[in-house]
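Below you'll find the structure, written out as structure tokens, and then a few comments.
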There are 2 protein chains.
Amino acid sequence: MKLKDLGEFDLIKRIAGRVRLSGRVLKGIGDDAAVLEYKKDGYLLFTSDMLVEGRHFHKSSGAYLVGKKSLSVNISDIAAMGGTPFCALISLGAPSSLDVGFVDDLYKGIRAAAKKFNVDLAGGDTVNSEKIVINIALLGEVKKSNLVLRSGAKEGDDIFITGSIGGSSKGGHLDFIPRLKEAGFLAGNFKINSMIDVSDGLLADLGHILKASGKGAFIYEKDIPVSKKAEDFKSAMSEGEDFELVFTLAKNKSAELMKIWPFKTRLSKIGEIQKKGQGFFLIRKDGRKEKPEVKGYAHF
Amino acid sequence: MKLKDLGEFDLIKRIAGRVRLSGRVLKGIGDDAAVLEYKKDGYLLFTSDMLVEGRHFHKSSGAYLVGKKSLSVNISDIAAMGGTPFCALISLGAPSSLDVGFVDDLYKGIRAAAKKFNVDLAGGDTVNSEKIVINIALLGEVKKSNLVLRSGAKEGDDIFITGSIGGSSKGGHLDFIPRLKEAGFLAGNFKINSMIDVSDGLLADLGHILKASGKGAFIYEKDIPVSKKAEDFKSAMSEGEDFELVFTLAKNKSAELMKIWPFKTRLSKIGEIQKKGQGFFLIRKDGRKEKPEVKGYAHF
């Protein structure tokens, strides 16, 4: 069997099934970041993302934006846990024929994101590689009471999303601002029951929440904020790398959240969590109830 | 200018020179691992290494050994700081045509090293890539009093090395045991003034200690333990990836260390730290004093 036949999600399941963890790790594979014992009132968050030339970016994408993205995707993961990032290591694989100027611009982009979000760049690795590969490992921390997992969605929760989805393939995936401020506000002021960032596509990522939480959901086409850049509704639902936050909150807190939401970033209530037996349905504008084809961004 | 014209060490210098760190990072770029504030009596260690197919290994190297190596190189970095590793994230880039069996064996190798050294495998990333790329980020911890940096070598220190050097290109670089036990013993029982693991070659890595410490050194050909697998003395001095420990200790503690050294692993005193003005010299068997050509494993 080849990786393409197995697919990314089954590969991860296969890997996760064979790993045994000590009590030190509260949450391993299967959330936006790993959660580790740390301090009396806080957990350590640990996440890592790899970007590969030709797959996540092209040389023509612009080194600055690629650098900015490479750190921002990790910051988005820490945000989705309710945490704050603080220290990153950068591994860079690059061909020896690469212009030093490209590397300069790449690190300029990384430094820009690091400065904006107070992340220390403490080291990493540089190796020779035919294609450019960037791996950033990022540490964050979160107050124990602010930790948000994928697995906490409750029946009756309202489902929210920040910003709008779709159009990432037209460049949005490179030039986005991770929703760290918004996530910090949410986790600090509300009991957010579950949260994820949209990296595999809204349907797939909400699907991750439902699976981890053992729940179903209804979402409403009329309420889903689709970017003007998106090709159409269907692609917007499945395109990855929007890096918006999807989260769930007890229904009786929704009005308050909408009222005091202090950001320009759009906030939309797009559906409700249902009990597991209800399944996952998309209610179209004409009232039809569809079982969405959950097909996230395929990595293999 | 191309990366190959700049070279790895100058690239790292270039990157490091542009990074500003907060007080939270006690040691950033320029040691085997970054050192971060953590607990009252301990620091957090953070390191990351990238292995690329065709450069650090070949598919024919055997997936199990590649996996074992990918975690072991990081464990060796934590060891060289006097610390203990505890949690890793694995990013894997692989072509969709790759056999799932290869990935299974790769993780089997990673799990074997993780089990041996009590490291939790808490997550990571899986992406599509033409060539196989493995990046492991590893966290460790160290008692504050046990922390060993590259920069602490003192005039009059004896210079030691564990095991023997050379021959790594004949397969030793894949199948080695990181010197974690030995490093733990050293850092826990002696005031080790400086330490590094041999990844760029003995001359280059001792050179890193001398540069970071602002010191010179004499080392003696007759005392340098060369592996039977090495091609010759010269290649053994410059070949990378021996993953032995090079460290320095006050001369008046050397006899005690040699006496109580409890491991089968060979331990050799190979020279002395000198003040900076004395330079870095290799004393050949015939008594000639040579300025060694420090030319580590070139990564670009």
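Here's how to read the names in the structure tokens: chain A, B, ... by the order shown, residue numbers from 1 in each chain, ligand numbers from 1 in the order shown.
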Exercise for review: Could the residues of chain A within 6 Å of chain B, counting only C-alpha atoms, be given as a PyMOL selection string, please?
Suggested key: chain A and resi 1-4+21+28-29+34+48-49+96-100+120+122-125+127-128+299-300
Point to revise | Residue neighbourhood stretch 190-203 of chain B, 7 Å, only C-alpha atoms, exclusion window fewer than 6 positions, as a count of residues only | key: 28
Check your understanding: What's the 12 Å shell around B:Leu267, counting only C-alpha atoms, without same-chain residues fewer than 3 positions away, as a list in words?
Key ->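 Result of the neighbour search: Ile159, Phe160, Ile161, Thr162, Gly163, Ser164, Ile165, Arg179, Glu182, Ala183, Leu186, Asp223, Ile224, Pro225, Glu244, Leu245, Val246, Phe247, Ser254, Ala255, Leu257, Met258, Lys259, Ile260, Trp261, Pro262, Phe263, Lys264 and Ile270 of chain B.
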Revision key, fill the gap. In terms of only C-alpha atoms, the residue from A:Asp158, A:Leu106, A:Tyr43, A:Pro178 at minimal distance from A:Ile75 is A:Pro178
**Study point:** alpha helix (DSSP H) residues, from DSSP on the backbone, in stretch 21-234 of chain B, as an MDAnalysis selection string
**Key:** chainID B and resid 63:79 100:116 180:189 202:213 233:234
